[in-house]
>>> print(open('query_27.cif').read())   # mmCIF, C-alpha atoms
data_start
loop_
_atom_site.label_atom_id
_atom_site.label_comp_id
_atom_site.auth_asym_id
_atom_site.auth_seq_id
_atom_site.Cartn_x
_atom_site.Cartn_y
_atom_site.Cartn_z
CA MET G 19 82.93 87.31 47.63
CA VAL G 20 81.61 86.67 51.16
CA VAL G 21 85.02 85.44 52.32
CA LYS G 22 86.79 88.51 50.88
CA LYS G 23 84.24 90.82 52.46
CA ASN G 24 84.79 89.23 55.90
CA ILE G 25 88.56 89.58 55.59
CA ILE G 26 88.23 93.27 54.71
CA ILE G 27 85.92 93.80 57.70
CA GLY G 28 88.38 92.07 60.03
CA LEU G 29 91.35 94.09 58.80
CA THR G 30 89.37 97.32 59.15
CA ILE G 31 88.52 96.52 62.76
CA MET G 32 92.19 95.83 63.53
CA CYS G 33 93.27 99.12 61.97
CA LEU G 34 90.74 101.04 64.03
CA LEU G 35 92.10 99.48 67.21
CA VAL G 36 95.65 100.67 66.62
CA GLY G 37 96.33 103.85 68.58
CA PRO G 38 98.67 106.37 66.95
CA LEU G 39 102.18 106.92 68.23
CA SER G 40 103.13 110.58 68.31
CA ILE G 41 105.85 113.08 69.19
CA ALA G 42 105.00 115.83 71.65
CA SER G 43 105.95 119.47 71.29
CA ALA G 44 105.96 120.89 74.81
CA VAL G 45 105.19 124.55 75.33
CA GLY G 46 104.60 124.87 79.05
CA ALA G 47 105.67 123.45 82.40
CA ALA G 48 108.35 123.19 85.06
CA ASP G 49 109.17 120.60 87.72
CA TRP G 50 106.33 118.82 89.53
CA PRO G 51 108.11 117.98 92.81
CA MET G 52 105.30 116.52 94.95
CA PHE G 53 101.72 115.28 95.11
CA GLN G 54 99.40 117.92 93.60
CA TYR G 55 102.43 120.06 92.71
CA ASN G 56 102.71 122.25 95.85
CA LEU G 57 102.15 122.40 99.61
CA ASP G 58 98.62 123.77 99.12
CA HIS G 59 97.75 120.81 96.81
CA THR G 60 96.17 123.10 94.22
CA GLY G 61 97.27 120.81 91.37
CA TYR G 62 97.89 123.54 88.81
CA LEU G 63 101.04 124.60 86.96
CA ASN G 64 101.58 126.96 84.04
CA GLU G 65 105.21 127.73 83.27
CA SER G 66 107.42 127.57 80.20
CA SER G 67 109.66 124.62 79.29
CA ASP G 68 111.80 123.45 76.37
CA PHE G 69 110.80 119.84 77.00
CA THR G 70 110.21 117.78 73.81
CA PRO G 71 109.34 114.18 74.73
CA ALA G 72 107.89 111.26 72.80
CA ALA G 73 104.82 109.25 73.75
CA TRP G 74 105.91 106.14 75.64
CA LEU G 75 104.98 103.57 78.27
CA PHE G 76 107.04 101.86 80.94
CA LYS G 77 106.00 98.58 82.53
CA THR G 78 106.57 97.65 86.19
CA GLY G 79 105.88 94.42 88.01
CA GLY G 80 102.93 95.76 90.02
CA SER G 81 100.22 98.42 90.05
CA ILE G 82 101.04 102.13 89.97
CA LEU G 83 98.58 103.76 92.37
CA SER G 84 100.25 107.11 92.99
CA ALA G 85 101.17 110.18 90.98
CA PRO G 86 104.79 110.55 89.81
CA SER G 87 107.06 113.46 90.70
CA ILE G 88 109.28 115.28 88.21
CA ALA G 89 112.57 117.15 88.67
CA ASP G 90 115.35 117.94 86.18
CA LYS G 91 113.60 115.90 83.47
CA LEU G 92 113.59 112.74 85.57
CA MET G 93 110.39 111.06 86.75
CA TYR G 94 110.10 109.34 90.14
CA PHE G 95 107.39 106.92 91.30
CA GLY G 96 106.78 103.69 93.16
CA SER G 97 104.88 100.50 92.35
CA THR G 98 103.20 97.75 94.32
CA ASP G 99 106.08 95.53 93.19
CA GLY G 100 107.98 97.25 96.03
CA ILE G 101 110.34 99.08 93.69
CA PHE G 102 110.87 102.83 93.40
CA TYR G 103 111.78 103.95 89.86
CA ALA G 104 113.58 106.87 88.22
CA LEU G 105 112.93 107.27 84.50
CA ASN G 106 114.22 109.53 81.77
CA LEU G 107 111.30 111.81 80.97
CA ASN G 108 112.20 112.06 77.29
CA ASP G 109 111.74 108.43 76.37
CA GLY G 110 110.72 106.49 79.50
CA THR G 111 114.00 104.59 79.84
CA GLN G 112 114.99 103.53 83.34
CA VAL G 113 117.80 105.48 85.05
CA TRP G 114 117.82 103.57 88.36
CA ASP G 115 115.59 101.69 90.79
CA TYR G 116 115.52 100.97 94.51
CA SER G 117 113.87 97.94 96.12
CA THR G 118 111.89 98.11 99.37
CA GLN G 119 110.15 95.27 101.20
CA GLY G 120 106.59 96.52 100.71
CA ASN G 121 104.12 98.03 98.26
CA ILE G 122 104.67 101.68 97.39
CA THR G 123 101.31 103.41 96.99
CA GLY G 124 102.03 107.05 97.91
CA SER G 125 103.65 109.77 95.83
CA SER G 126 107.16 111.11 96.42
CA VAL G 127 108.70 114.52 97.10
CA VAL G 128 111.80 115.78 95.32
CA ARG G 129 113.72 118.31 97.36
CA GLY G 130 117.33 119.43 96.87
CA ASP G 131 119.53 116.45 96.03
CA ASN G 132 117.10 113.85 97.36
CA VAL G 133 113.78 112.17 96.67
CA TYR G 134 111.58 111.10 99.62
CA PHE G 135 108.81 108.48 99.85
CA GLY G 136 107.19 105.93 102.14
CA SER G 137 106.61 102.20 101.71
CA MET G 138 104.24 99.67 103.20
CA ASP G 139 107.29 98.00 104.76
CA SER G 140 106.85 100.79 107.40
CA TYR G 141 109.99 102.68 106.35
CA PHE G 142 110.24 106.23 105.06
CA TYR G 143 113.13 106.65 102.61
CA ALA G 144 115.45 109.41 101.43
CA LEU G 145 117.41 108.53 98.27
CA ASP G 146 119.93 110.41 96.16
CA LYS G 147 117.81 111.55 93.21
CA LYS G 148 120.65 111.10 90.70
CA ASN G 149 121.64 107.50 91.40
CA GLY G 150 119.15 106.04 93.90
CA ASP G 151 121.68 105.52 96.68
CA SER G 152 120.24 105.43 100.19
CA VAL G 153 120.73 108.65 102.18
CA TRP G 154 118.69 107.67 105.25
CA LYS G 155 115.54 105.81 106.25
CA TYR G 156 113.19 106.05 109.22
CA ARG G 157 111.02 103.23 110.56
CA THR G 158 107.44 103.88 111.71
CA GLY G 159 105.11 101.45 113.45
CA ASN G 160 103.11 100.40 110.39
CA SER G 161 102.62 100.79 106.64
CA ILE G 162 103.05 104.20 105.01
CA GLU G 163 100.43 105.02 102.35
CA SER G 164 100.37 108.79 102.80
CA SER G 165 102.22 111.03 100.33
CA PRO G 166 104.71 113.37 102.05
CA ALA G 167 104.97 117.17 102.03
CA ALA G 168 108.26 119.02 102.53
CA ASP G 169 108.43 122.54 103.95
CA ASN G 170 111.67 124.32 104.82
CA GLU G 171 113.83 121.67 106.59
CA THR G 172 110.97 119.36 107.61
CA ILE G 173 109.10 116.59 105.82
CA TYR G 174 105.62 115.51 106.96
CA PHE G 175 103.76 112.24 106.28
CA GLY G 176 101.20 109.94 107.83
CA SER G 177 101.44 106.28 108.79
CA ASP G 178 98.97 103.47 109.41
CA ASP G 179 100.32 103.44 112.98
CA GLN G 180 97.87 106.35 113.57
CA ARG G 181 100.51 109.08 113.60
CA LEU G 182 101.61 112.08 111.58
CA TYR G 183 105.40 112.38 111.51
CA ALA G 184 107.71 115.38 111.15
CA LEU G 185 111.30 114.44 110.25
CA ASP G 186 114.43 116.43 109.54
CA LEU G 187 114.99 116.50 105.78
CA ASP G 188 118.76 116.19 106.00
CA ASN G 189 119.20 113.26 108.37
CA GLY G 190 115.76 111.75 109.03
CA THR G 191 115.74 112.39 112.77
CA LEU G 192 112.34 112.71 114.39
CA LYS G 193 111.26 116.26 115.24
CA TRP G 194 107.82 115.28 116.55
CA GLN G 195 104.87 112.95 116.00
CA PHE G 196 101.16 113.59 116.40
CA GLN G 197 98.84 110.80 117.56
CA THR G 198 95.37 110.27 116.06
CA GLN G 199 92.89 107.43 116.74
CA ASN G 200 93.29 105.59 113.43
CA ALA G 201 95.48 105.24 110.34
CA VAL G 202 96.65 108.39 108.56
CA LYS G 203 96.44 107.68 104.83
CA SER G 204 95.59 111.27 103.84
CA SER G 205 98.49 113.35 102.54
CA PRO G 206 99.30 116.47 104.58
CA SER G 207 99.16 120.03 103.25
CA VAL G 208 101.08 122.96 104.73
CA TYR G 209 99.54 126.44 104.74
CA ASN G 210 100.61 129.54 106.67
CA GLY G 211 102.76 127.52 109.05
CA THR G 212 100.07 124.92 109.80
CA VAL G 213 99.92 121.25 108.76
CA PHE G 214 96.48 119.96 107.69
CA PHE G 215 95.53 116.30 107.12
CA GLY G 216 92.77 113.73 107.53
CA SER G 217 92.65 110.48 109.48
CA ASP G 218 90.65 107.26 109.35
CA ASP G 219 89.33 108.28 112.78
CA GLY G 220 86.98 110.60 110.87
CA LYS G 221 88.66 113.88 111.71
CA VAL G 222 90.39 116.64 109.80
CA TYR G 223 93.31 118.01 111.84
CA ALA G 224 95.20 121.29 111.97
CA VAL G 225 98.57 120.99 113.73
CA ASN G 226 101.18 123.70 114.14
CA LYS G 227 104.82 123.19 113.19
CA ASN G 228 105.66 122.19 116.76
CA GLY G 229 103.22 119.27 116.64
CA THR G 230 100.50 120.87 118.80
CA LYS G 231 96.86 120.50 117.75
CA LEU G 232 95.16 123.75 116.81
CA TRP G 233 91.76 122.28 115.95
CA SER G 234 89.99 119.22 114.55
CA TYR G 235 86.73 118.73 112.68
CA ASP G 236 84.79 115.49 113.12
CA THR G 237 83.24 114.30 109.85
CA GLY G 238 81.86 111.05 111.23
CA ASN G 239 83.75 108.78 108.82
CA ALA G 240 87.23 108.08 107.50
CA VAL G 241 89.05 110.93 105.74
CA ARG G 242 91.41 109.56 103.09
CA SER G 243 91.10 112.49 100.72
CA SER G 244 93.95 114.98 101.00
CA PRO G 245 93.26 118.65 101.75
CA ALA G 246 93.55 121.32 99.05
CA ILE G 247 93.81 124.89 100.32
CA TYR G 248 93.25 128.35 98.86
CA ASN G 249 92.77 131.76 100.44
CA GLY G 250 92.04 130.49 103.93
CA THR G 251 89.68 127.70 102.91
CA LEU G 252 90.44 123.96 103.12
CA TYR G 253 88.62 121.61 100.72
CA ILE G 254 88.41 117.90 101.53
CA GLY G 255 86.23 114.83 100.92
CA THR G 256 85.22 111.98 103.26
CA ASP G 257 84.08 108.37 103.16
CA ASN G 258 80.60 109.45 104.32
CA GLY G 259 80.08 111.11 100.93
CA ASN G 260 80.28 114.68 102.16
CA PHE G 261 82.72 117.17 100.72
CA TYR G 262 83.64 120.06 103.02
CA ALA G 263 84.96 123.59 102.78
CA LEU G 264 86.46 124.49 106.17
CA ASN G 265 87.95 127.68 107.57
CA THR G 266 91.70 127.10 108.05
CA ASN G 267 91.75 129.35 111.14
CA ASP G 268 89.32 127.41 113.34
CA GLY G 269 87.90 124.47 111.35
CA SER G 270 84.42 125.98 111.13
CA ILE G 271 82.38 124.80 108.17
CA LYS G 272 81.76 127.19 105.28
CA TRP G 273 79.73 124.82 103.14
CA SER G 274 79.35 121.13 102.30
CA TYR G 275 78.16 119.07 99.34
CA ASP G 276 76.75 115.53 99.53
CA PHE G 277 78.05 113.14 96.85
CA ASN G 278 76.08 110.18 98.29
CA ASP G 279 79.21 108.02 98.04
CA SER G 280 82.82 107.99 99.23
CA VAL G 281 85.07 110.88 98.17
CA ARG G 282 88.70 109.75 98.31
CA SER G 283 89.75 111.90 95.40
CA SER G 284 91.42 115.17 96.38
CA ALA G 285 90.17 118.41 94.88
CA LEU G 286 91.78 120.25 91.99
CA LEU G 287 91.42 124.01 92.52
CA ASP G 288 91.06 126.62 89.78
CA PRO G 289 90.83 129.99 91.56
CA ASN G 290 90.81 131.86 88.23
CA ASP G 291 87.34 130.48 87.57
CA ASN G 292 86.30 129.87 91.22
CA SER G 293 85.98 126.18 90.36
CA LEU G 294 87.05 122.97 92.01
CA PHE G 295 87.01 119.54 90.43
CA VAL G 296 86.76 116.30 92.38
CA GLY G 297 85.92 112.66 91.69
CA SER G 298 83.99 110.18 93.82
CA ASP G 299 82.76 106.61 93.99
CA ASN G 300 79.40 107.74 92.59
CA GLY G 301 80.94 107.37 89.12
CA ASN G 302 81.23 111.09 88.32
CA ILE G 303 83.78 113.85 88.06
CA THR G 304 82.13 116.98 89.44
CA SER G 305 82.78 120.72 89.28
CA LEU G 306 81.67 122.90 92.21
CA ASP G 307 81.89 126.63 92.85
CA MET G 308 84.72 127.16 95.35
CA ARG G 309 82.85 130.00 97.04
CA ASP G 310 79.61 128.28 98.04
CA GLY G 311 79.63 124.69 96.75
CA THR G 312 77.11 125.31 93.99
CA LEU G 313 77.07 122.54 91.39
CA LYS G 314 78.46 123.61 88.02
CA TRP G 315 78.46 120.25 86.25
CA SER G 316 78.87 116.53 86.87
CA VAL G 317 79.87 113.97 84.23
CA SER G 318 79.83 110.17 84.38
CA VAL G 319 83.31 108.71 83.82
CA GLY G 320 83.37 105.77 86.26
CA ASN G 321 84.56 105.76 89.87
CA VAL G 322 87.35 108.28 90.49
CA LYS G 323 89.71 107.84 93.45
CA SER G 324 92.53 109.76 91.80
CA THR G 325 92.90 113.54 91.73
CA PRO G 326 92.32 115.55 88.53
CA ALA G 327 94.88 117.89 86.95
CA LEU G 328 94.34 121.12 85.01
CA MET G 329 95.70 121.75 81.52
CA GLY G 330 94.64 125.01 79.93
CA ASP G 331 90.86 124.91 79.60
CA ASP G 332 90.75 121.16 80.20
CA VAL G 333 90.55 118.91 83.24
CA VAL G 334 92.45 115.62 83.03
CA VAL G 335 91.23 112.75 85.19
CA GLY G 336 92.01 109.04 85.44
CA SER G 337 89.09 106.71 86.09
CA ASP G 338 88.66 103.21 87.49
CA SER G 339 86.89 102.48 84.18
CA GLY G 340 90.31 102.21 82.55
CA THR G 341 90.16 105.53 80.71
CA VAL G 342 91.94 108.87 80.97
CA TYR G 343 89.46 111.66 80.21
CA VAL G 344 90.25 115.17 79.02
CA LEU G 345 87.17 117.33 79.70
CA ASN G 346 86.36 120.98 79.10
CA LYS G 347 86.59 122.68 82.50
CA TYR G 348 83.60 124.95 81.85
CA SER G 349 81.10 122.33 80.68
CA GLY G 350 82.53 118.87 81.40
CA LYS G 351 82.22 118.00 77.71
CA GLU G 352 84.75 115.40 76.60
CA ASP G 353 87.56 116.74 74.44
CA TRP G 354 89.23 113.37 74.03
CA SER G 355 90.05 110.21 75.97
CA TYR G 356 92.61 107.42 76.05
CA ALA G 357 91.73 103.82 76.87
CA PRO G 358 94.79 101.56 76.48
CA GLY G 359 92.75 98.48 77.35
CA TYR G 360 90.43 99.12 74.39
CA TYR G 361 87.50 98.71 76.82
CA LEU G 362 88.26 94.97 77.08
CA PHE G 363 91.21 95.05 79.50
CA ASN G 364 90.35 98.00 81.72
CA SER G 365 92.70 99.09 84.50
CA ALA G 366 92.23 101.90 87.03
CA PHE G 367 94.36 105.02 86.58
CA SER G 368 96.24 107.00 89.20
CA THR G 369 96.45 110.78 89.56
CA PRO G 370 97.77 112.37 86.34
CA ILE G 371 100.37 115.12 86.24
CA ILE G 372 101.03 117.70 83.53
CA TYR G 373 104.41 118.63 82.05
CA GLY G 374 104.49 120.78 78.94
CA ASP G 375 102.15 119.22 76.40
CA ASP G 376 102.41 115.81 78.02
CA ILE G 377 100.19 113.97 80.48
CA PHE G 378 101.87 111.35 82.66
CA VAL G 379 99.69 108.83 84.45
CA GLY G 380 100.19 105.44 86.09
CA ALA G 381 97.77 102.53 85.96
CA ALA G 382 96.85 99.45 87.96
CA ASP G 383 98.11 97.34 85.03
CA GLY G 384 101.64 98.36 86.10
CA SER G 385 102.27 100.80 83.24
CA MET G 386 103.35 104.42 83.34
CA TYR G 387 101.90 106.19 80.30
CA ALA G 388 103.14 109.35 78.57
CA LEU G 389 100.26 110.89 76.58
CA ASN G 390 100.44 113.80 74.16
CA TYR G 391 97.83 116.45 74.92
CA ASP G 392 98.32 118.47 71.73
CA LYS G 393 98.16 115.44 69.42
CA LYS G 394 95.38 113.82 71.47
CA SER G 395 97.18 110.50 71.46
CA GLY G 396 99.27 108.07 73.45
CA PRO G 397 101.52 105.06 73.04
CA THR G 398 100.28 101.86 71.48
CA SER G 399 99.29 99.67 74.40
CA VAL G 400 100.54 96.15 75.01
CA TYR G 401 96.86 95.18 75.11
CA LEU G 402 96.69 95.77 71.37
CA TYR G 403 98.22 92.35 70.80
CA TYR G 404 95.59 90.65 72.94
CA VAL G 405 92.79 92.53 71.22
CA SER G 406 94.27 91.74 67.81
CA ALA G 407 94.42 88.05 68.71
CA ILE G 408 90.76 88.14 69.79
CA VAL G 409 89.79 89.85 66.52
CA ILE G 410 91.71 87.27 64.49
CA VAL G 411 90.03 84.41 66.35
CA VAL G 412 86.61 85.99 65.80
CA VAL G 413 87.27 86.60 62.09
CA VAL G 414 88.60 83.06 61.57
CA GLY G 415 85.62 81.65 63.45
CA LEU G 416 83.24 83.73 61.34
CA LEU G 417 84.88 82.57 58.12
CA ALA G 418 84.76 78.94 59.24
CA PHE G 419 81.09 79.28 60.17
CA ARG G 420 80.27 80.86 56.80
CA SER G 421 82.21 78.15 54.99
CA VAL G 422 80.44 75.32 56.85
CA ARG G 423 77.05 76.92 56.30
CA GLY G 424 77.85 77.35 52.58
CA ARG G 425 78.71 73.65 52.19
CA ARG G 426 75.52 72.61 53.98
CA LYS G 427 73.44 74.73 51.60
CA LYS G 428 75.05 73.10 48.58
CA GLU G 429 74.28 69.67 50.01
#
>>> encode(input="query_27.cif", output="structure tokens")
Amino acid sequence: MVVKKNIIIGLTIMCLLVGPLSIASAVGAADWPMFQYNLDHTGYLNESSDFTPAAWLFKTGGSILSAPSIADKLMYFGSTDGIFYALNLNDGTQVWDYSTQGNITGSSVVRGDNVYFGSMDSYFYALDKKNGDSVWKYRTGNSIESSPAADNETIYFGSDDQRLYALDLDNGTLKWQFQTQNAVKSSPSVYNGTVFFGSDDGKVYAVNKNGTKLWSYDTGNAVRSSPAIYNGTLYIGTDNGNFYALNTNDGSIKWSYDFNDSVRSSALLDPNDNSLFVGSDNGNITSLDMRDGTLKWSVSVGNVKSTPALMGDDVVVGSDSGTVYVLNKYSGKEDWSYAPGYYLFNSAFSTPIIYGDDIFVGAADGSMYALNYDKKSGPTSVYLYYVSAIVIVVVVGLLAFRSVRGRRKKE
């Protein structure tokens, strides 16, 4: 009886570990062509779509640290294996790939017939979005970790060579470059004809479209967060733990909030509710009032370097704890979560994006995950097999121990 009971317990544990596989029924979204969706980096989209995907995962040979881009039902992203991928959004099958000579950690921009991205091999690339053929590439003086922003016929991005670049979209020729005093890992935003970005020299910069500095704000520490902008206010975090709201006209401070730890996450803005959502290395995802920085709520989810996304009344955020959280935007209460490592094989998640009823998010384990928001589920992780093996070993060990102990009692 004891042996049978242990077997039943073991099988029950294994069943509980199996995540459901589901089919999504999309009811809202359009293309997501760049980091945080648009040039203002507001990170919010609410449009109709006939997209009907399945939950899936795609494995690369390195970590996926950046958010994907979506156009015409194809997904584009890079990996630290040095390869840039294009996947079919419906089922996660690979359409094409392109190899670079360095890690790819920034997001891409899809514009017209091309997709644009930078690599840590110091090159910035333009590829044909349909087949991955090279259109042009431009070499900078160091690694490129910044995600680009395209406006009109110009694309902007930062480099670890301490410069912000402005290139011609069509042929990659240099229009101008702006020199800072340290690496530019922050991703630029464009608002009312001005380019805004942060630098590791501790400053937030405003540069006009001719490459001339309009103003800078000295935060005292590296700025790797990317600016989000709404209604004349720029929101950005810093490595000194302060989060700032700055006037886009002159860089004057409107308010600040101290997180007591680095803020490399960029802010998600929800103007309808006057809320912003941002993660930090203090282990929390936090909601602040956009108008004055008043705390609305803060919830422990593990360190968050990625940027949240908004889906209806929920905030979606990937954590370094190895979990994707879906939280109520008004209270921070957890609606549901997805942990493909089953809390044993945790892997940090990148910035999620929303498309219809699906959540797409990359992870440091090298996987791109397609999760179903409506069904509250995701694909069965490859880690299931490892967890199952551990459970089997534990159950067998327990049975052997019980058997040995039973024999000793009889003796």
>>> residues_around(input="query_27.cif", residues="region 272-284 of chain G", least_positions_apart="4", cutoff="10 Å", atoms="all atoms listed in the file", output="VMD selection string")
chain G and resid 54 59 to 61 204 to 205 239 to 246 251 to 265 294 to 304 306 308 to 313 321 to 326 369
>>> write_last_selection(input="query_27.cif", atoms="C-alpha atoms", output="compact mmCIF listing (two decimals), keeping the file's coordinate frame")
# COMPACT_ATOMS: atom_id res chain seq x y z
CA GLN G 54 99.40 117.92 93.60
CA HIS G 59 97.75 120.81 96.81
CA THR G 60 96.17 123.10 94.22
CA GLY G 61 97.27 120.81 91.37
CA SER G 204 95.59 111.27 103.84
CA SER G 205 98.49 113.35 102.54
CA ASN G 239 83.75 108.78 108.82
CA ALA G 240 87.23 108.08 107.50
CA VAL G 241 89.05 110.93 105.74
CA ARG G 242 91.41 109.56 103.09
CA SER G 243 91.10 112.49 100.72
CA SER G 244 93.95 114.98 101.00
CA PRO G 245 93.26 118.65 101.75
CA ALA G 246 93.55 121.32 99.05
CA THR G 251 89.68 127.70 102.91
CA LEU G 252 90.44 123.96 103.12
CA TYR G 253 88.62 121.61 100.72
CA ILE G 254 88.41 117.90 101.53
CA GLY G 255 86.23 114.83 100.92
CA THR G 256 85.22 111.98 103.26
CA ASP G 257 84.08 108.37 103.16
CA ASN G 258 80.60 109.45 104.32
CA GLY G 259 80.08 111.11 100.93
CA ASN G 260 80.28 114.68 102.16
CA PHE G 261 82.72 117.17 100.72
CA TYR G 262 83.64 120.06 103.02
CA ALA G 263 84.96 123.59 102.78
CA LEU G 264 86.46 124.49 106.17
CA ASN G 265 87.95 127.68 107.57
CA LEU G 294 87.05 122.97 92.01
CA PHE G 295 87.01 119.54 90.43
CA VAL G 296 86.76 116.30 92.38
CA GLY G 297 85.92 112.66 91.69
CA SER G 298 83.99 110.18 93.82
CA ASP G 299 82.76 106.61 93.99
CA ASN G 300 79.40 107.74 92.59
CA GLY G 301 80.94 107.37 89.12
CA ASN G 302 81.23 111.09 88.32
CA ILE G 303 83.78 113.85 88.06
CA THR G 304 82.13 116.98 89.44
CA LEU G 306 81.67 122.90 92.21
CA MET G 308 84.72 127.16 95.35
CA ARG G 309 82.85 130.00 97.04
CA ASP G 310 79.61 128.28 98.04
CA GLY G 311 79.63 124.69 96.75
CA THR G 312 77.11 125.31 93.99
CA LEU G 313 77.07 122.54 91.39
CA ASN G 321 84.56 105.76 89.87
CA VAL G 322 87.35 108.28 90.49
CA LYS G 323 89.71 107.84 93.45
CA SER G 324 92.53 109.76 91.80
CA THR G 325 92.90 113.54 91.73
CA PRO G 326 92.32 115.55 88.53
CA THR G 369 96.45 110.78 89.56
>>> resolve_selection(input="query_27.cif", expression="the PyMOL selection byres ((chain G and resi 214) around 12)", output="PyMOL selection string")
chain G and resi 57-59+166-167+174-176+182+196+202+204-213+215-217+221-227+229-235+241+243-247+251-254+264-269
>>> closest_residue(input="query_27.cif", among="G:Asp331, G:Asp218, G:Asp353, G:Asp90", to="Arg181 (chain G)", atoms="only C-alpha atoms")
G:Asp218
>>> resolve_selection(input="query_27.cif", expression="the PyMOL selection byres ((chain G and resi 151) around 12)", output="MDAnalysis selection string")
chainID G and resid 102 104 114:117 131:134 143:150 152:155
>>> residues_around(input="query_27.cif", residues="Leu75 (chain G)", least_positions_apart="6", cutoff="7 Å", atoms="only C-alpha atoms", output="mmCIF file with C-alpha atoms, in the coordinates of the input")
data_model
loop_
_atom_site.group_PDB
_atom_site.id
_atom_site.type_symbol
_atom_site.label_atom_id
_atom_site.label_comp_id
_atom_site.auth_asym_id
_atom_site.auth_seq_id
_atom_site.Cartn_x
_atom_site.Cartn_y
_atom_site.Cartn_z
ATOM 1 C CA GLY G 110 110.720 106.490 79.500
ATOM 2 C CA SER G 385 102.270 100.800 83.240
ATOM 3 C CA MET G 386 103.350 104.420 83.340
ATOM 4 C CA TYR G 387 101.900 106.190 80.300
ATOM 5 C CA ALA G 388 103.140 109.350 78.570
ATOM 6 C CA PRO G 397 101.520 105.060 73.040
#
>>> closest_residue(input="query_27.cif", among="G:Tyr391, G:Tyr373, G:Trp194, G:Phe76", to="Tyr356 (chain G)", atoms="only C-alpha atoms")
G:Tyr391
>>> atom_distance(input="query_27.cif", atom1="CA of Asp338 (chain G)", atom2="CA of Gly384 (chain G)")
13.9 Å
>>> resolve_selection(input="query_27.cif", expression="the PyMOL selection byres ((chain G and resi 191-193) around 10)", output="MDAnalysis selection string")
chainID G and resid 154:156 172:173 183:190 194:195 227:229
>>> atom_distance(input="query_27.cif", atom1="CA of Met138 (chain G)", atom2="CA of Asn121 (chain G)")
5.2 Å
>>> closest_residue(input="query_27.cif", among="G:Ala366, G:Ile162, G:Ile271, G:Leu286", to="Val333 (chain G)", atoms="all atoms listed in the file")
G:Leu286
>>> atom_distance(input="query_27.cif", atom1="CA of Ile122 (chain G)", atom2="CA of Asp219 (chain G)")
22.7 Å
>>> closest_residue(input="query_27.cif", among="G:Ile377, G:Gly350, G:Tyr141, G:Pro289", to="Ser318 (chain G)", atoms="only C-alpha atoms")
G:Gly350
